[in-house]
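The structure file entry-v5.txt is reproduced below (compact mmCIF, C-alpha atoms).
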# COMPACT_ATOMS: atom_id res chain seq x y z
CA MET F 11 0.00 0.00 0.00
CA VAL F 12 1.41 3.35 -1.03
CA PHE F 13 0.98 6.27 1.27
CA ARG F 14 1.11 9.62 -0.37
CA SER F 15 1.84 12.68 1.63
CA VAL F 16 -1.24 14.81 2.01
CA ARG F 17 -0.69 18.50 1.61
CA PRO F 18 -3.23 20.80 3.08
CA VAL F 19 -5.06 22.74 0.39
CA PRO F 20 -4.13 26.39 0.83
CA ARG F 21 -7.15 28.49 1.67
CA ARG F 22 -8.07 31.19 -0.78
CA PRO F 23 -7.18 34.53 0.79
CA LEU F 24 -10.18 36.52 1.89
CA PRO F 25 -11.15 39.39 -0.39
CA HIS F 26 -10.73 43.05 0.52
CA HIS F 27 -13.29 45.78 0.79
CA GLU F 28 -13.19 49.51 1.38
CA ASP F 29 -16.16 49.85 3.73
CA PRO F 30 -15.08 51.97 6.72
CA GLY F 31 -18.15 50.70 8.60
CA LEU F 32 -16.72 47.13 8.47
CA GLN F 33 -20.18 45.78 7.68
CA PRO F 34 -19.04 42.28 6.60
CA GLU F 35 -16.90 41.83 9.73
CA ARG F 36 -19.71 42.95 12.01
CA THR F 37 -22.30 40.78 10.34
CA VAL F 38 -20.12 37.67 10.34
CA MET F 39 -19.25 38.20 14.03
CA SER F 40 -22.93 38.69 14.77
CA TRP F 41 -23.63 35.27 13.27
CA GLY F 42 -20.80 33.83 15.36
CA ARG F 43 -22.23 35.28 18.58
CA THR F 44 -25.69 34.04 17.74
CA GLY F 45 -24.29 30.59 17.01
CA LEU F 46 -22.55 30.48 20.38
CA ALA F 47 -25.70 31.64 22.19
CA THR F 48 -27.72 28.97 20.39
CA ALA F 49 -25.26 26.26 21.41
CA VAL F 50 -25.37 27.36 25.06
CA VAL F 51 -29.18 27.43 25.19
CA ALA F 52 -29.44 24.09 23.35
CA LEU F 53 -27.06 22.53 25.87
CA LEU F 54 -29.46 23.59 28.66
CA LEU F 55 -31.88 21.02 27.24
CA ILE F 56 -29.60 18.31 28.67
CA ARG F 57 -31.32 19.26 31.91
CA TRP F 58 -33.94 16.60 31.03
CA TYR F 59 -31.35 13.84 30.62
CA PRO F 60 -32.18 12.24 34.02
CA SER F 61 -35.86 11.87 33.04
CA VAL F 62 -35.67 10.94 29.36
CA GLY F 63 -32.15 9.58 28.87
CA VAL F 64 -30.36 9.79 25.55
CA VAL F 65 -33.40 11.35 23.80
CA ALA F 66 -32.45 14.62 25.52
CA PHE F 67 -29.43 14.78 23.24
CA VAL F 68 -31.44 14.71 19.99
CA PRO F 69 -32.49 18.41 19.94
CA VAL F 70 -29.04 19.28 21.31
CA ALA F 71 -27.38 17.39 18.45
CA ILE F 72 -29.63 19.11 15.89
CA ALA F 73 -28.76 22.53 17.30
CA VAL F 74 -25.05 21.72 17.48
CA VAL F 75 -25.07 20.63 13.83
CA GLY F 76 -26.89 23.87 12.95
CA VAL F 77 -24.36 25.95 14.84
CA GLY F 78 -21.53 23.97 13.20
CA LEU F 79 -22.98 24.81 9.78
CA ILE F 80 -23.06 28.50 10.73
CA GLN F 81 -19.41 28.36 11.78
CA LEU F 82 -18.35 26.41 8.68
CA SER F 83 -20.08 28.89 6.36
CA GLN F 84 -18.52 31.97 7.95
CA ARG F 85 -15.73 32.36 5.38
CA ARG F 86 -18.18 31.97 2.51
CA ARG F 87 -20.57 34.42 4.19
CA TYR F 88 -17.74 36.95 4.52
CA ARG F 89 -16.79 36.48 0.85
CA VAL F 90 -20.36 36.99 -0.31
CA GLN F 91 -20.81 40.07 1.85
CA VAL F 92 -17.52 41.66 0.79
CA ALA F 93 -18.50 41.06 -2.84
CA GLY F 94 -21.86 42.60 -1.99
CA ILE F 95 -20.18 45.74 -0.64
CA ASN F 96 -17.83 45.91 -3.63
CA TYR F 97 -20.58 45.43 -6.24
CA GLU F 98 -23.14 47.53 -4.31
CA LYS F 99 -25.55 44.61 -4.33
CA VAL F 100 -26.02 41.72 -1.94
CA ALA F 101 -28.73 39.06 -1.84
CA ALA F 102 -30.75 38.91 1.36
CA ASP F 103 -29.79 35.64 3.08
CA PHE F 104 -33.33 34.26 3.30
CA TRP F 105 -32.44 30.64 4.03
CA ALA F 106 -29.98 31.44 6.82
CA VAL F 107 -32.67 33.58 8.49
CA PHE F 108 -35.25 30.84 7.93
CA TRP F 109 -33.18 28.01 9.45
CA MET F 110 -32.00 30.16 12.35
CA THR F 111 -35.65 30.86 13.19
CA VAL F 112 -36.51 27.17 12.87
CA MET F 113 -33.70 26.33 15.29
CA ALA F 114 -34.91 28.84 17.90
CA VAL F 115 -38.51 27.61 17.58
CA LEU F 116 -37.32 24.01 17.87
CA ILE F 117 -35.50 24.80 21.12
CA ALA F 118 -38.61 26.59 22.43
CA ALA F 119 -40.90 23.68 21.50
CA THR F 120 -38.55 21.11 23.04
CA GLY F 121 -38.33 23.20 26.20
CA ILE F 122 -42.12 23.44 26.50
CA ALA F 123 -42.44 19.68 25.93
CA GLY F 124 -39.80 19.10 28.61
CA VAL F 125 -41.59 21.37 31.10
CA TRP F 126 -44.94 19.61 30.77
CA LEU F 127 -44.04 15.99 29.97
CA PHE F 128 -41.19 15.26 32.36
CA MET V 19 -11.96 45.51 -6.02
CA GLU V 20 -8.67 43.67 -6.47
CA SER V 21 -9.99 40.56 -8.17
CA GLY V 22 -12.52 42.28 -10.38
CA GLU V 23 -12.84 39.24 -12.66
CA ASP V 24 -13.75 36.85 -9.87
CA HIS V 25 -17.51 36.70 -10.18
CA SER V 26 -17.78 33.44 -8.27
CA ALA V 27 -18.37 35.33 -5.06
CA ILE V 28 -21.24 37.40 -6.41
CA PRO V 29 -24.29 36.41 -4.40
CA LYS V 30 -26.45 33.97 -6.26
CA ARG V 31 -30.15 33.88 -5.59
CA LYS V 32 -31.62 30.57 -4.59
CA ARG V 33 -35.40 30.25 -4.52
CA VAL V 34 -36.53 33.03 -2.23
CA PRO V 35 -39.96 34.58 -1.66
CA ARG V 36 -41.20 36.88 -4.38
CA ALA V 37 -41.06 39.81 -1.95
CA LEU V 38 -37.25 39.54 -2.00
CA ARG V 39 -37.04 39.58 -5.79
CA GLY V 40 -39.23 42.56 -6.67
CA GLY V 41 -38.29 46.22 -6.51
CA ASN V 42 -34.71 47.47 -6.55
CA ASP V 43 -31.71 46.13 -4.67
CA PRO V 44 -31.18 48.30 -1.61
CA ASP V 45 -27.78 49.50 -0.41
CA PRO V 46 -25.98 46.28 0.70
CA ARG V 47 -25.08 48.00 4.00
CA PHE V 48 -28.77 48.25 4.84
CA THR V 49 -29.35 44.60 3.97
CA LEU V 50 -26.49 43.58 6.27
CA ALA V 51 -27.73 45.91 9.02
CA ASN V 52 -31.18 44.32 8.74
CA GLU V 53 -29.56 40.88 9.08
CA ARG V 54 -27.69 41.97 12.23
CA THR V 55 -30.88 43.40 13.72
CA PHE V 56 -32.58 40.06 13.10
CA LEU V 57 -29.70 38.28 14.81
CA ALA V 58 -29.88 40.63 17.80
CA TRP V 59 -33.58 39.77 18.18
CA ILE V 60 -32.79 36.07 17.87
CA ARG V 61 -30.28 36.41 20.71
CA THR V 62 -32.95 38.17 22.78
CA SER V 63 -35.26 35.26 22.00
CA LEU V 64 -32.54 32.80 23.05
CA ALA V 65 -32.11 34.69 26.33
CA LEU V 66 -35.83 34.26 27.03
CA LEU V 67 -35.58 30.55 26.17
CA ALA V 68 -32.65 30.18 28.56
CA GLY V 69 -34.67 32.02 31.21
CA GLY V 70 -37.64 29.71 30.68
CA ILE V 71 -35.55 26.57 31.09
CA ALA V 72 -33.73 28.09 34.09
CA VAL V 73 -37.02 28.95 35.84
CA GLU V 74 -38.17 25.37 35.35
CA ALA V 75 -34.87 23.95 36.54
CA PHE V 76 -33.91 26.13 39.50
CA THR V 77 -37.06 27.45 41.19
CA HIS V 78 -38.32 24.30 42.89
CA ASP V 79 -37.93 25.97 46.30
CA ILE V 80 -39.81 29.13 45.34
CA PHE V 81 -42.83 28.03 43.30
CA ASP V 82 -45.25 25.19 43.45
CA ASP V 83 -45.27 22.93 40.40
CA THR V 84 -47.99 24.73 38.46
CA ALA V 85 -46.62 28.25 38.94
CA ARG V 86 -43.14 27.11 37.96
CA LYS V 87 -44.38 25.37 34.83
CA VAL V 88 -46.62 28.25 33.79
CA LEU V 89 -43.88 30.85 34.25
CA GLY V 90 -41.30 28.70 32.44
CA THR V 91 -43.74 28.03 29.60
CA THR V 92 -44.62 31.73 29.33
CA LEU V 93 -40.97 32.61 28.80
CA LEU V 94 -40.47 29.75 26.34
CA VAL V 95 -43.57 30.67 24.32
CA LEU V 96 -42.52 34.33 24.32
CA GLY V 97 -39.02 33.34 23.14
CA GLY V 98 -40.46 31.23 20.33
CA LEU V 99 -42.88 33.98 19.25
CA LEU V 100 -40.08 36.52 19.37
CA ALA V 101 -37.96 34.38 17.03
CA VAL V 102 -40.84 34.11 14.54
CA SER V 103 -41.62 37.85 14.79
CA ALA V 104 -37.94 38.65 14.25
CA ALA V 105 -38.00 36.68 11.00
CA GLY V 106 -41.26 38.37 9.96
CA ARG V 107 -39.85 41.78 10.68
CA TRP V 108 -36.62 40.98 8.83
CA LEU V 109 -38.72 40.06 5.76
CA ARG V 110 -40.98 43.15 6.04
CA VAL V 111 -38.01 45.51 6.43
CA GLU V 112 -36.16 43.93 3.51
CA THR V 113 -39.29 44.17 1.33
CA ALA V 114 -39.89 47.79 2.36
CA MET V 115 -36.30 48.67 1.45
CA ARG V 116 -36.68 46.99 -1.95
CA GLN V 117 -39.89 48.92 -2.60
CA ARG V 118 -38.38 52.17 -1.27
CA ARG V 119 -41.14 52.38 1.34
CA SER V 120 -40.67 53.63 4.88
CA LEU V 121 -39.76 50.92 7.38
CA PRO V 122 -42.54 49.25 9.38
CA ILE V 123 -42.90 50.05 13.08
CA PRO V 124 -42.48 46.98 15.32
CA LEU V 125 -45.75 46.77 17.25
CA TRP V 126 -44.73 43.78 19.32
CA ILE V 127 -41.93 45.56 21.19
CA PRO V 128 -44.28 47.14 23.81
CA LEU V 129 -45.95 43.74 24.22
CA ILE V 130 -42.63 42.00 24.90
CA ALA V 131 -41.65 44.73 27.36
CA LEU V 132 -44.96 44.31 29.18
CA VAL V 133 -44.71 40.52 29.40
CA CYS V 134 -41.09 40.67 30.60
CA ALA V 135 -42.05 43.27 33.24
CA VAL V 136 -44.98 41.13 34.44
CA ALA V 137 -42.74 38.05 34.64
CA ALA V 138 -40.06 39.96 36.58
CA VAL V 139 -42.60 41.38 39.08
CA THR V 140 -44.16 37.92 39.52
CA VAL V 141 -40.81 36.36 40.38
CA LEU V 142 -39.97 39.24 42.74
CA LEU V 143 -43.32 38.97 44.56
CA ALA V 144 -43.00 35.21 44.78
CA ILE V 145 -39.53 35.49 46.33
CA TRP V 146 -40.78 38.11 48.82
CA VAL V 147 -43.85 36.11 49.76
CA THR V 148 -41.80 32.93 50.18
CA ASN V 149 -38.78 34.35 52.02
CA GLY V 150 -40.23 37.45 53.64
CA PHE V 151 -39.06 41.00 53.04
What does the file become when written as structure tokens?
Amino acid sequence: MVFRSVRPVPRRPLPHHEDPGLQPERTVMSWGRTGLATAVVALLLIRWYPSVGVVAFVPVAIAVVGVGLIQLSQRRRYRVQVAGINYEKVAADFWAVFWMTVMAVLIAATGIAGVWLF
Amino acid sequence: MESGEDHSAIPKRKRVPRALRGGNDPDPRFTLANERTFLAWIRTSLALLAGGIAVEAFTHDIFDDTARKVLGTTLLVLGGLLAVSAAGRWLRVETAMRQRRSLPIPLWIPLIALVCAVAAVTVLLAIWVTNGF
């Protein structure tokens, strides 16, 4: 069996923009903060582990995957937003807003179920 | 822009509601600001959700079962509604900007303030009644 050395693929450098308001930076960091807050709140759902067992980890796992996707898409988000600033046109990120809302509602629904069922 | 030929990063539209396709593209700074406002509301919603779960988890000594569950559920429902309203407002603001209309006034902010105030006073009274002044 031949092992070939694996070289890490160099990341494309991030693009530049001239916006003194640093809009892309602020927006990307805002997503990061929201992701962290979501992870923390989702982890609170483990509170029902003693009553329901491993099932308590299902909504937590969903939220953690969601937060992971936010973090993994940060560089792409930054690229898109910098291009948006440079071309004076950026698409509203409908699906990110949609799934973020779904995640918050899911946590709320799971919490309510936990309060009344266990 | 340095790499003026690189069009791969130009935002591509997936299937989005018609409201986000009509009108004219607003200043991208406003679109990003709208996104950050949405995220700030989502974090507020998450704080309410955390509060709801915390009330349920840590107030066994203060409330009886029903009061604890009702208060926790109130905060959780409010958090969920706030998340949905935040998304609705994000969409309405984005649409208004595309149509060059004035931005909608958020009517649910006084409601949230009222509910939060009622919840806070309830907890305070409960602690006073239970532990004395």
Write out as an mmCIF file with C-alpha atoms, in the frame of the given file the residues lying within 8 Å of Ser63 in chain V, counting all atoms listed in the file and excluding same-chain residues fewer than 5 positions away.
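Done, and the output landed in selection20.cif:
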data_model
loop_
_atom_site.group_PDB
_atom_site.id
_atom_site.type_symbol
_atom_site.label_atom_id
_atom_site.label_comp_id
_atom_site.auth_asym_id
_atom_site.auth_seq_id
_atom_site.Cartn_x
_atom_site.Cartn_y
_atom_site.Cartn_z
ATOM 1 C CA ALA F 114 -34.910 28.840 17.900
ATOM 2 C CA LEU V 96 -42.520 34.330 24.320
ATOM 3 C CA GLY V 97 -39.020 33.340 23.140
ATOM 4 C CA GLY V 98 -40.460 31.230 20.330
ATOM 5 C CA LEU V 100 -40.080 36.520 19.370
ATOM 6 C CA ALA V 101 -37.960 34.380 17.030
#
Counting all atoms listed in the file, note down every residue that has an atom within 10 Å of the point (-44.3, 26.2, 35.8) (file coordinates), as a CSV table (one decimal) with C-alpha atoms, in the frame of the given file.
chain,number,residue,atom,x,y,z
F,122,ILE,CA,-42.1,23.4,26.5
F,125,VAL,CA,-41.6,21.4,31.1
F,126,TRP,CA,-44.9,19.6,30.8
V,70,GLY,CA,-37.6,29.7,30.7
V,71,ILE,CA,-35.6,26.6,31.1
V,73,VAL,CA,-37.0,29.0,35.8
V,74,GLU,CA,-38.2,25.4,35.4
V,75,ALA,CA,-34.9,24.0,36.5
V,77,THR,CA,-37.1,27.4,41.2
V,78,HIS,CA,-38.3,24.3,42.9
V,81,PHE,CA,-42.8,28.0,43.3
V,82,ASP,CA,-45.2,25.2,43.4
V,83,ASP,CA,-45.3,22.9,40.4
V,84,THR,CA,-48.0,24.7,38.5
V,85,ALA,CA,-46.6,28.2,38.9
V,86,ARG,CA,-43.1,27.1,38.0
V,87,LYS,CA,-44.4,25.4,34.8
V,88,VAL,CA,-46.6,28.2,33.8
V,89,LEU,CA,-43.9,30.8,34.2
V,90,GLY,CA,-41.3,28.7,32.4
V,91,THR,CA,-43.7,28.0,29.6
V,92,THR,CA,-44.6,31.7,29.3
Distance query Gly45 in chain F at most 8 Å, all atoms listed in the file, self and fewer than 2 positions along chain excluded, as an MDAnalysis selection string | chainID F and resid 41:43 47:49 77 80:81
Could you turn the residues from that selection into a file that holds C-alpha atoms, as a compact mmCIF listing (two decimals), keeping the file's coordinate frame?
# COMPACT_ATOMS: atom_id res chain seq x y z
CA TRP F 41 -23.63 35.27 13.27
CA GLY F 42 -20.80 33.83 15.36
CA ARG F 43 -22.23 35.28 18.58
CA ALA F 47 -25.70 31.64 22.19
CA THR F 48 -27.72 28.97 20.39
CA ALA F 49 -25.26 26.26 21.41
CA VAL F 77 -24.36 25.95 14.84
CA ILE F 80 -23.06 28.50 10.73
CA GLN F 81 -19.41 28.36 11.78
Between F:Val19, F:His27, F:Ile117, F:Ala106, single out the one closest to Gln84 in chain F, counting only C-alpha atoms.
-> F:Ala106
Select residues of chain F: the criterion is any atom within 7 Å of an atom of chain V, counting all atoms listed in the file; output as a list in words.
->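 So the residues of chain F near chain V are His27, Gln33, Thr37, Ser40, Trp41, Thr44, Ala47, Thr48, Val51, Arg89, Val90, Ala93, Gly94, Ile95, Asn96, Glu98, Lys99, Val100, Ala101, Ala102, Phe104, Val107, Thr111, Ala114, Val115, Ala118, Gly121, Ile122 and Val125 of chain F.
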Have a look at CA of Pro122 in chain V and CA of Ala37 in chain V and let me know their distance in Å, one decimal.
-> 14.8 Å
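When CA of Ile72 in chain F is paired with CA of Ile56 in chain F, their separation reads 12.8 Å.
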Quote the spacing between CA of Met110 in chain F and CA of Glu28 in chain F in Å to one decimal place.
->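 Answer for the CA of Met110 in chain F to CA of Glu28 in chain F separation: 29.1 Å.
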Choose the residue, out of F:Gly31, F:Phe108, F:Gly76, F:Gln91, that has the smallest atom-to-atom separation from Leu46 in chain F; count only C-alpha atoms.
->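 Of F:Gly31, F:Phe108, F:Gly76, F:Gln91, the one nearest Leu46 in chain F, counting only C-alpha atoms, is F:Gly76.
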With all atoms listed in the file as the atoms that count, which of F:Leu55, F:Val16, F:Leu116, F:Val38 lies nearest to Arg86 in chain F?
->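 The closest residue to Arg86 in chain F is F:Val38.
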Option closest in space to Ala66 in chain F, from F:Glu35, F:Asp103, F:Pro25, F:Thr120 [counting all atoms listed in the file] =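 Smallest distance to Ala66 in chain F is found for F:Thr120.
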